[in-house]
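**Student:** start.cif (mmCIF, C-alpha atoms) pasted underneath:
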```cif
data_structure
#
loop_
_atom_site.label_atom_id
_atom_site.label_comp_id
_atom_site.auth_asym_id
_atom_site.auth_seq_id
_atom_site.Cartn_x
_atom_site.Cartn_y
_atom_site.Cartn_z
CA MET Z 23 -81.45 19.45 36.36
CA ARG Z 24 -80.95 16.28 34.38
CA ARG Z 25 -84.44 16.81 33.03
CA ARG Z 26 -83.50 20.35 32.15
CA ASN Z 27 -80.46 19.08 30.27
CA ALA Z 28 -82.61 16.53 28.52
CA ILE Z 29 -84.95 19.29 27.41
CA ALA Z 30 -81.99 21.25 26.12
CA VAL Z 31 -80.75 18.19 24.23
CA SER Z 32 -84.18 17.69 22.68
CA SER Z 33 -84.24 21.31 21.64
CA PHE Z 34 -80.88 20.92 19.99
CA ALA Z 35 -82.05 17.85 18.13
CA ALA Z 36 -85.09 19.71 16.93
CA VAL Z 37 -83.34 22.78 15.67
CA GLY Z 38 -80.22 21.09 14.37
CA THR Z 39 -77.14 23.19 14.40
CA LEU Z 40 -78.76 26.55 14.81
CA ALA Z 41 -76.06 29.00 15.74
CA GLY Z 42 -76.56 30.94 18.90
CA ALA Z 43 -74.59 33.47 20.80
CA ILE Z 44 -75.32 34.73 24.24
CA VAL Z 45 -73.69 38.04 24.70
CA VAL Z 46 -73.40 40.24 27.72
CA GLY Z 47 -72.34 43.75 28.53
CA SER Z 48 -70.80 45.77 25.80
CA VAL Z 49 -69.78 42.88 23.56
CA PRO Z 50 -70.76 43.91 20.05
CA HIS Z 51 -71.03 40.44 18.53
CA ALA Z 52 -74.67 39.76 19.35
CA ARG Z 53 -76.34 37.09 17.28
CA VAL Z 54 -79.20 34.64 17.60
CA HIS Z 55 -79.80 33.49 21.15
CA GLN Z 56 -80.30 29.80 21.63
CA HIS Z 57 -81.51 28.45 24.95
CA ALA Z 58 -78.56 26.27 25.70
CA THR Z 59 -77.51 24.84 29.02
CA PRO Z 60 -73.82 24.13 29.54
CA ALA Z 61 -73.57 20.47 30.28
CA GLU Z 62 -72.31 20.03 33.80
CA GLY Z 63 -71.89 21.82 37.07
CA VAL Z 64 -75.42 23.18 37.19
CA SER Z 65 -76.66 20.08 39.00
CA ALA Z 66 -74.67 21.15 42.07
CA ALA Z 67 -76.90 24.18 42.63
CA PRO Z 68 -80.13 23.66 40.69
CA VAL Z 69 -82.12 26.49 42.24
CA ALA Z 70 -79.43 29.09 41.74
CA ALA Z 71 -78.72 27.75 38.28
CA ARG Z 72 -82.25 28.42 37.12
CA SER Z 73 -81.72 32.11 37.63
CA GLN Z 74 -78.42 32.11 35.78
CA THR Z 75 -78.03 32.65 32.10
CA ALA Z 76 -76.09 30.18 29.98
CA GLN Z 77 -73.47 32.89 29.70
CA GLU Z 78 -73.10 33.13 33.47
CA ARG Z 79 -72.93 29.35 33.85
CA PHE Z 80 -70.28 29.13 31.17
CA ALA Z 81 -68.20 31.75 32.98
CA LEU Z 82 -68.52 29.94 36.32
CA HIS Z 83 -67.37 26.68 34.76
CA GLN Z 84 -64.12 28.19 33.55
CA LEU Z 85 -60.73 27.76 35.17
CA ASP Z 86 -60.00 29.99 38.15
CA ARG Z 87 -56.46 31.00 37.26
CA SER Z 88 -55.77 32.17 40.81
CA SER Z 89 -56.21 28.57 41.99
CA LEU Z 90 -53.16 27.11 40.22
CA ARG Z 91 -50.78 24.94 42.23
CA LYS Z 92 -47.64 24.05 40.35
CA ARG Z 93 -46.83 20.35 40.13
CA ASP Z 94 -43.73 20.21 37.94
CA GLU Z 95 -41.80 21.69 35.06
CA PHE Z 96 -40.66 19.92 31.91
CA VAL Z 97 -38.48 20.77 28.92
CA THR Z 98 -39.25 19.61 25.37
CA PRO Z 99 -36.60 18.10 23.08
CA ASP Z 100 -36.48 21.51 21.37
CA GLY Z 101 -35.82 23.38 24.62
CA ASP Z 102 -39.23 24.82 25.42
CA THR Z 103 -40.26 24.80 29.07
CA PHE Z 104 -43.76 23.72 30.15
CA THR Z 105 -45.21 24.06 33.64
CA ILE Z 106 -47.90 21.62 34.71
CA SER Z 107 -50.26 22.75 37.47
CA GLU Z 108 -53.47 21.68 39.10
CA GLY Z 109 -56.33 24.17 39.31
CA GLN Z 110 -60.03 24.49 40.04
CA THR Z 111 -62.96 25.86 38.11
CA LYS Z 112 -64.49 29.10 39.38
CA ASP Z 113 -67.45 27.24 40.86
CA GLY Z 114 -65.07 24.82 42.58
CA ALA Z 115 -66.81 21.84 40.99
CA LYS Z 116 -63.97 20.55 38.86
CA THR Z 117 -60.25 19.87 39.04
CA CYS Z 118 -58.16 21.01 36.10
CA ILE Z 119 -54.89 20.10 34.47
CA VAL Z 120 -53.19 23.32 33.41
CA SER Z 121 -50.21 23.35 31.08
CA ILE Z 122 -48.36 26.59 30.39
CA GLY Z 123 -45.67 26.94 27.76
CA LYS Z 124 -44.69 28.66 24.52
CA GLY Z 125 -46.72 31.76 25.36
CA PHE Z 126 -50.02 30.00 26.03
CA GLY Z 127 -51.93 28.36 28.83
CA THR Z 128 -54.21 25.37 28.31
CA SER Z 129 -56.61 23.64 30.66
CA ALA Z 130 -59.03 20.73 30.84
CA CYS Z 131 -61.22 20.01 33.84
CA ASP Z 132 -63.18 17.10 35.29
CA ALA Z 133 -65.45 16.73 38.30
CA ASN Z 134 -64.03 13.32 39.26
CA PRO Z 135 -60.70 13.26 37.45
CA PHE Z 136 -59.68 9.71 38.23
CA ALA Z 137 -63.07 8.03 38.59
CA HIS Z 138 -63.25 6.84 34.98
CA SER Z 139 -59.64 7.14 33.88
CA THR Z 140 -56.21 6.99 35.47
CA VAL Z 141 -55.13 10.18 33.71
CA LEU Z 142 -56.44 13.73 33.26
CA PHE Z 143 -54.78 15.11 30.17
CA GLY Z 144 -54.80 17.24 27.06
CA GLU Z 145 -52.87 17.48 23.82
CA SER Z 146 -51.46 20.84 22.70
CA PHE Z 147 -50.28 21.58 19.20
CA SER Z 148 -49.68 24.29 16.64
CA ALA Z 149 -50.69 23.81 13.04
CA GLY Z 150 -51.31 25.46 9.73
CA PRO Z 151 -54.69 26.39 8.27
CA GLY Z 152 -57.40 23.83 8.95
CA GLY Z 153 -55.41 22.42 11.84
CA LYS Z 154 -53.24 20.52 9.38
CA ASP Z 155 -49.46 20.37 8.97
CA LEU Z 156 -48.64 20.29 12.66
CA THR Z 157 -45.43 21.98 13.75
CA ASP Z 158 -45.32 20.76 17.36
CA TRP Z 159 -47.22 18.43 19.65
CA GLU Z 160 -47.21 17.93 23.42
CA LEU Z 161 -49.11 15.80 25.91
CA SER Z 162 -49.66 17.22 29.42
CA GLY Z 163 -51.45 15.58 32.30
CA LEU Z 164 -51.96 14.55 35.87
CA ALA Z 165 -51.96 10.86 36.80
CA ALA Z 166 -53.82 9.06 39.58
CA LEU Z 167 -51.84 8.10 42.67
CA GLN Z 168 -51.58 4.42 41.70
CA VAL Z 169 -49.82 5.30 38.43
CA ALA Z 170 -46.09 4.57 38.52
CA ARG Z 171 -45.13 4.66 34.86
CA LEU Z 172 -46.48 5.85 31.51
CA GLU Z 173 -45.46 5.15 27.97
CA LEU Z 174 -46.61 6.57 24.67
CA ILE Z 175 -46.94 4.47 21.55
CA ASP Z 176 -46.15 6.50 18.45
CA SER Z 177 -47.17 5.93 14.83
CA ALA Z 178 -43.86 4.18 14.16
CA GLY Z 179 -44.79 1.61 16.79
CA ARG Z 180 -42.17 2.78 19.24
CA HIS Z 181 -42.78 2.67 22.99
CA ARG Z 182 -41.70 6.05 24.34
CA PRO Z 183 -41.26 6.79 28.05
CA VAL Z 184 -43.42 9.62 29.34
CA HIS Z 185 -41.84 11.81 32.00
CA LEU Z 186 -43.79 11.33 35.24
CA GLY Z 187 -42.73 14.09 37.60
CA LYS Z 188 -43.58 15.68 40.92
CA GLY Z 189 -47.18 15.43 42.07
CA ASN Z 190 -47.75 12.79 39.36
CA ALA Z 191 -47.67 15.45 36.66
CA PHE Z 192 -46.63 14.00 33.33
CA PHE Z 193 -45.46 15.42 30.04
CA PHE Z 194 -44.32 14.24 26.65
CA ALA Z 195 -43.37 16.20 23.53
CA LEU Z 196 -42.55 15.01 20.07
CA SER Z 197 -39.59 16.91 18.63
CA ARG Z 198 -40.35 19.32 15.81
CA GLY Z 199 -38.33 17.05 13.53
CA GLU Z 200 -40.53 14.09 14.37
CA VAL Z 201 -43.69 16.11 13.84
CA LYS Z 202 -42.35 17.28 10.49
CA ARG Z 203 -41.69 13.67 9.49
CA GLY Z 204 -45.32 12.84 10.26
CA ILE Z 205 -44.78 10.96 13.52
CA THR Z 206 -47.92 11.08 15.65
CA ALA Z 207 -48.98 9.73 19.04
CA GLN Z 208 -51.30 6.75 18.95
CA SER Z 209 -51.96 5.79 22.56
CA LEU Z 210 -50.91 6.23 26.14
CA ARG Z 211 -50.27 3.14 28.27
CA VAL Z 212 -50.52 3.42 32.04
CA PHE Z 213 -48.79 1.09 34.52
CA ASP Z 214 -49.04 0.67 38.28
CA GLY Z 215 -46.23 0.11 40.78
CA ASP Z 216 -46.17 -3.63 40.05
CA GLY Z 217 -45.58 -2.96 36.36
CA LYS Z 218 -49.12 -4.03 35.50
CA LEU Z 219 -50.83 -2.31 32.59
CA ILE Z 220 -53.88 -0.67 34.17
CA ASP Z 221 -55.13 1.63 31.40
CA THR Z 222 -54.70 2.36 27.70
CA VAL Z 223 -55.91 5.68 26.34
CA GLY Z 224 -56.30 6.28 22.63
CA LEU Z 225 -54.92 9.64 21.47
CA MET T 12 -29.19 70.60 39.01
CA ILE T 13 -29.14 67.30 40.91
CA ARG T 14 -32.26 68.35 42.81
CA LEU T 15 -34.01 69.20 39.56
CA PHE T 16 -33.06 65.79 38.18
CA LEU T 17 -34.36 64.04 41.29
CA VAL T 18 -37.62 65.96 41.11
CA LEU T 19 -37.99 64.93 37.48
CA VAL T 20 -37.31 61.26 38.25
CA VAL T 21 -39.80 61.24 41.12
CA SER T 22 -42.40 62.98 38.97
CA VAL T 23 -42.02 60.52 36.13
CA ALA T 24 -42.21 57.58 38.56
CA ALA T 25 -45.32 59.01 40.18
CA ALA T 26 -46.94 59.64 36.82
CA SER T 27 -46.14 56.09 35.68
CA THR T 28 -47.57 54.63 38.87
CA PHE T 29 -50.72 56.70 38.46
CA ALA T 30 -51.06 55.67 34.84
CA ALA T 31 -50.59 52.00 35.72
CA THR T 32 -53.13 52.06 38.52
CA ALA T 33 -55.54 54.10 36.44
CA ARG T 34 -55.77 51.30 33.89
CA ALA T 35 -58.46 48.88 34.92
CA ASP T 36 -58.75 46.65 31.87
CA ARG T 37 -60.69 43.51 32.64
CA GLU T 38 -61.17 40.14 31.05
CA THR T 39 -64.52 38.47 30.52
CA THR T 40 -66.06 35.56 28.65
CA SER T 41 -68.88 35.17 26.20
CA LEU T 42 -70.45 32.29 24.32
CA TYR T 43 -70.25 32.72 20.57
CA TRP T 44 -71.96 29.50 19.54
CA SER T 45 -73.88 26.59 20.97
CA GLY T 46 -75.57 23.65 19.31
CA VAL T 47 -75.09 20.06 18.22
CA ALA T 48 -71.73 19.27 16.65
CA THR T 49 -70.87 16.02 14.91
CA SER T 50 -67.33 14.68 14.59
CA GLY T 51 -65.20 17.05 12.52
CA GLU T 52 -67.64 19.94 12.84
CA TYR T 53 -66.28 23.25 14.09
CA ARG T 54 -67.25 26.86 14.68
CA VAL T 55 -65.24 30.06 14.85
CA SER T 56 -65.78 33.41 16.53
CA PRO T 57 -65.54 36.68 14.60
CA TRP T 58 -62.08 38.22 14.28
CA ASP T 59 -61.04 40.34 17.23
CA SER T 60 -59.77 43.91 17.23
CA LEU T 61 -57.79 46.26 19.44
CA CYS T 62 -61.00 47.44 21.03
CA GLN T 63 -61.71 43.96 22.42
CA PRO T 64 -58.79 41.63 21.85
CA THR T 65 -59.48 37.92 22.23
CA SER T 66 -57.37 36.24 24.89
CA GLY T 67 -58.74 32.72 24.96
CA SER T 68 -60.89 30.04 23.40
CA ALA T 69 -62.94 27.65 25.52
CA ALA T 70 -65.62 25.01 25.15
CA GLU T 71 -67.88 22.69 27.08
CA PHE T 72 -69.55 19.63 25.65
CA SER T 73 -72.14 17.10 26.72
CA GLY T 74 -71.01 13.77 25.42
CA PRO T 75 -68.13 11.34 25.46
CA GLY T 76 -65.56 12.33 22.90
CA TYR T 77 -62.90 14.93 22.24
CA VAL T 78 -63.08 18.67 21.66
CA THR T 79 -60.33 20.93 20.35
CA VAL T 80 -60.16 24.65 21.04
CA ALA T 81 -57.73 26.89 19.19
CA LEU T 82 -56.65 30.44 18.60
CA ILE T 83 -56.31 31.16 14.90
CA ASP T 84 -54.14 33.95 13.50
CA PRO T 85 -54.90 36.04 10.38
CA SER T 86 -52.95 33.63 8.17
CA GLY T 87 -55.39 30.91 9.17
CA SER T 88 -52.79 29.03 11.19
CA TRP T 89 -53.81 27.42 14.42
CA ARG T 90 -51.33 29.36 16.55
CA ARG T 91 -52.14 27.24 19.62
CA SER T 92 -54.58 24.38 20.05
CA TRP T 93 -55.64 22.09 22.87
CA ARG T 94 -57.61 18.84 22.66
CA SER T 95 -59.11 16.91 25.53
CA ASN T 96 -61.84 14.44 26.43
CA VAL T 97 -62.92 16.39 29.55
CA HIS T 98 -64.29 19.89 29.83
CA PRO T 99 -64.23 22.80 29.95
CA VAL T 100 -61.25 22.89 27.64
CA ALA T 101 -59.49 26.20 27.17
CA VAL T 102 -56.48 27.78 25.55
CA TYR T 103 -55.42 31.33 26.41
CA VAL T 104 -52.54 33.70 25.87
CA GLU T 105 -49.89 33.76 28.56
CA PRO T 106 -49.20 36.17 30.15
CA ASP T 107 -52.87 36.96 29.90
CA THR T 108 -52.91 40.75 29.58
CA TYR T 109 -54.62 43.23 27.29
CA SER T 110 -51.26 43.99 25.65
CA GLN T 111 -50.46 40.34 25.01
CA ALA T 112 -53.94 39.66 23.66
CA ALA T 113 -53.80 42.74 21.44
CA SER T 114 -50.36 41.93 20.04
CA TRP T 115 -51.80 39.79 17.23
CA GLY T 116 -55.16 39.40 15.53
CA LYS T 117 -57.03 36.21 16.20
CA ARG T 118 -60.29 34.32 16.36
CA ALA T 119 -61.40 31.45 18.57
CA LEU T 120 -62.28 28.00 17.27
CA CYS T 121 -64.02 25.01 18.80
CA LYS T 122 -64.25 21.63 17.12
CA ASN T 123 -65.69 18.22 17.81
CA SER T 124 -62.42 16.37 17.17
CA THR T 125 -63.58 12.92 18.22
CA ALA T 126 -61.96 10.20 16.12
CA TRP T 127 -65.18 8.18 15.93
CA GLN T 128 -68.58 9.39 14.73
CA VAL T 129 -70.47 11.07 17.54
CA SER T 130 -72.71 14.08 18.01
CA PHE T 131 -73.01 16.08 21.18
CA ASN T 132 -73.92 19.52 22.42
CA MET T 133 -71.08 21.98 22.36
CA TRP T 134 -70.88 25.42 23.96
CA CYS T 135 -68.12 27.55 22.49
CA GLY T 136 -66.86 30.68 24.14
CA TRP T 137 -64.09 33.17 23.98
CA TRP T 138 -62.18 35.22 26.50
CA TYR T 139 -61.56 38.85 25.68
CA TRP T 140 -60.28 42.03 27.26
CA ILE T 141 -62.41 45.11 27.84
CA GLN T 142 -60.52 48.38 27.99
CA ASP T 143 -60.87 50.70 30.94
CA PRO T 144 -60.36 53.49 30.10
CA VAL T 145 -61.13 53.07 26.41
CA ARG T 146 -58.12 53.71 24.17
CA TYR T 147 -59.37 52.06 20.97
CA HIS T 148 -63.01 52.59 20.10
CA CYS T 149 -65.06 49.77 18.63
CA SER T 150 -66.44 50.65 15.24
#
```
Any chance you could put this one into structure tokens?

**Tutor:**
Amino acid sequence: MRRRNAIAVSSFAAVGTLAGAIVVGSVPHARVHQHATPAEGVSAAPVAARSQTAQERFALHQLDRSSLRKRDEFVTPDGDTFTISEGQTKDGAKTCIVSIGKGFGTSACDANPFAHSTVLFGESFSAGPGGKDLTDWELSGLAALQVARLELIDSAGRHRPVHLGKGNAFFFALSRGEVKRGITAQSLRVFDGDGKLIDTVGL
Amino acid sequence: MIRLFLVLVVSVAAASTFAATARADRETTSLYWSGVATSGEYRVSPWDSLCQPTSGSAAEFSGPGYVTVALIDPSGSWRRSWRSNVHPVAVYVEPDTYSQAASWGKRALCKNSTAWQVSFNMWCGWWYWIQDPVRYHCS
């Protein structure tokens, strides 16, 4: 399957950024089909994967929303409540961080969440056209078991504590006032139980 | 009179229950773009409509880096966005129902939002609701 992915990569390189849409059923937005292979997950079942379309693989790789297990709940400085949960992809191959708040759900998934990093996380935000002029910003995540404390370094150089809650779910939100003043998050520092810095993640 | 009222209440309740169970709207996904994306490059889906309201935006990618997915409203604002270095990444309306998805017009966006220069394969998809039975016909 790695070879198959390599072939797909070569194809992409050859055709540049050719747009492609793979459409099923009654969806009326059919466009050029490009033979693309979603990056991961297919290696777990190579024979079955060969008979699947890219569309089907993409669907299988998505979050199974019936799998959510709530870890903790957090409130932003502006009073919005966010629920952090753990979930699985439909094919069961990946673990997901799921953050629900302000009328939206968000998720990010990894096959081995804490193999290469101590945190599985995502940044949510709302913004104006072009993704500029942010109006809010939050960081949601799940931390590895050895993580005891997290802090966020903001653009003013301040070290801000990140709320590490039940099930090692963590959450941080800049206030709308801070976002309006142009304060941004720069990095996330991760500490173990001995207070030792074990990871720094650029944001 | 009381009996008549009770009969009416029971009838309305039964009709409502039937109507609710008769609706079998379902949600599905579709890829709207795939290809190589360099840092800063993005793609958007077509605008949705009441006949098939978009409920989510999702992406997968092949390389190390960050991808942002967003739901954009008719003013161009990124109503809700989500950025991560692992995938799939997804943002969806909550509660995720046909009514919620149809309550505002939107399109899905996916973007290679890596801070450093990098190119990788990106597969961008959207979630949308299919009506059953059809109330709003697609043009």

**Student:** Convert the output of the PyMOL selection byres ((chain T) within 6 of (chain Z)) on the shown file into explicit residues, formatted as a list in words.

**Tutor:**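 Selected by the PyMOL selection byres ((chain T) within 6 of (chain Z)) here: Ser41, Leu42, Tyr43, Trp44, Ser45, Gly46, Val47, Ser73, Gly87, Ser88, Trp89, Arg90, Arg91, Ser92, Trp93, Arg94, Ser95, Val97, His98, Pro99, Val100, Ala101, Val102, Tyr103, Val104 and Glu105 of chain T.
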
**Student:** Which residues would end up in the selection if the PyMOL selection byres ((chain Z and resi 89-100) around 6) were applied here, given that I need the answer as an mmCIF file with C-alpha atoms, in the coordinates of the input?

**Tutor:**
```cif
data_model
loop_
_atom_site.group_PDB
_atom_site.id
_atom_site.type_symbol
_atom_site.label_atom_id
_atom_site.label_comp_id
_atom_site.auth_asym_id
_atom_site.auth_seq_id
_atom_site.Cartn_x
_atom_site.Cartn_y
_atom_site.Cartn_z
ATOM 1 C CA ASP Z 86 -60.000 29.990 38.150
ATOM 2 C CA ARG Z 87 -56.460 31.000 37.260
ATOM 3 C CA SER Z 88 -55.770 32.170 40.810
ATOM 4 C CA GLY Z 101 -35.820 23.380 24.620
ATOM 5 C CA ASP Z 102 -39.230 24.820 25.420
ATOM 6 C CA THR Z 103 -40.260 24.800 29.070
ATOM 7 C CA PHE Z 104 -43.760 23.720 30.150
ATOM 8 C CA THR Z 105 -45.210 24.060 33.640
ATOM 9 C CA ILE Z 106 -47.900 21.620 34.710
ATOM 10 C CA SER Z 107 -50.260 22.750 37.470
ATOM 11 C CA GLU Z 108 -53.470 21.680 39.100
ATOM 12 C CA GLY Z 109 -56.330 24.170 39.310
ATOM 13 C CA GLN Z 110 -60.030 24.490 40.040
ATOM 14 C CA LYS Z 188 -43.580 15.680 40.920
ATOM 15 C CA GLY Z 189 -47.180 15.430 42.070
ATOM 16 C CA ALA Z 195 -43.370 16.200 23.530
ATOM 17 C CA SER Z 197 -39.590 16.910 18.630
#
```

**Student:** What does the PyMOL selection byres ((chain T and resi 66) around 8) select in this file, as an MDAnalysis selection string?

**Tutor:** chainID T and resid 64:65 67:68 103:104 107:109 112 137:140

**Student:** Interatomic distance between atom CA of Ser162 of chain Z and atom CA of Lys202 of chain Z?

**Tutor:**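 Pair atom CA of Ser162 of chain Z / atom CA of Lys202 of chain Z returns 20.3 Å.
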
**Student:** If I take atom CA of Ser124 of chain T and atom CA of Ala70 of chain T, how far is one from the other in Å, to one decimal?

**Tutor:**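 Separation between atom CA of Ser124 of chain T and atom CA of Ala70 of chain T: 12.2 Å.
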
**Student:** Enter the distance from atom CA of Val184 of chain Z to atom CA of Ala81 of chain T, in Å, rounded to one decimal.

**Tutor:**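 For atom CA of Val184 of chain Z relative to atom CA of Ala81 of chain T, the distance reads 24.6 Å.
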
**Student:** So which residues touch Trp58 of chain T within 10 Å, counting only C-alpha atoms, skipping near sequence neighbours fewer than 6 positions away, as a PDB file with C-alpha atoms, keeping the file's coordinate frame?

**Tutor:**
```
ATOM      1  CA  PRO T  64     -58.790  41.630  21.850  1.00  0.00           C
ATOM      2  CA  THR T  65     -59.480  37.920  22.230  1.00  0.00           C
ATOM      3  CA  ILE T  83     -56.310  31.160  14.900  1.00  0.00           C
ATOM      4  CA  ASP T  84     -54.140  33.950  13.500  1.00  0.00           C
ATOM      5  CA  PRO T  85     -54.900  36.040  10.380  1.00  0.00           C
ATOM      6  CA  GLY T 116     -55.160  39.400  15.530  1.00  0.00           C
ATOM      7  CA  LYS T 117     -57.030  36.210  16.200  1.00  0.00           C
ATOM      8  CA  ARG T 118     -60.290  34.320  16.360  1.00  0.00           C
ATOM      9  CA  ALA T 119     -61.400  31.450  18.570  1.00  0.00           C
TER      10      ALA T 119
END
```

**Student:** Out of T:Val55, T:Ser50, T:Ser60, T:Ala35, which residue has the shortest atom-to-atom distance to Ser114 of chain T when counting all atoms listed in the file?

**Tutor:**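 Distance minimum relative to Ser114 of chain T lands on T:Ser60.
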
**Student:** Please work out which residues fall within 12 Å of (-65.7, 7.9, 17.2), coordinates as given in the file, with only C-alpha atoms counting, and return them as a PyMOL selection string.

**Tutor:** (chain Z and resi 224-225) or (chain T and resi 49-51+74-78+96+123-131)

**Student:** Compile the contact shell of Cys121 of chain T as JSON, numbers by chain: residues with an atom at most 6 Å away, counting only C-alpha atoms, same-chain residues fewer than 3 positions apart removed.

**Tutor:** {"T": [53, 54, 79, 80]}

**Student:** Identify which of the residues T:Leu120, T:Ala33, T:Ile141, T:Leu82 lies closest to Cys62 of chain T, counting all atoms listed in the file when measuring atom-to-atom distances.

**Tutor:** T:Ile141

**Student:** Env of Ala165 of chain Z: 6 Å cut, atoms = all atoms listed in the file, seq-sep filter 3 positions within chain, self excluded. Answer as a list in words.

**Tutor:**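 With the cut-off at 6 Å, the set is Thr140, Val141 and Asn190 of chain Z.
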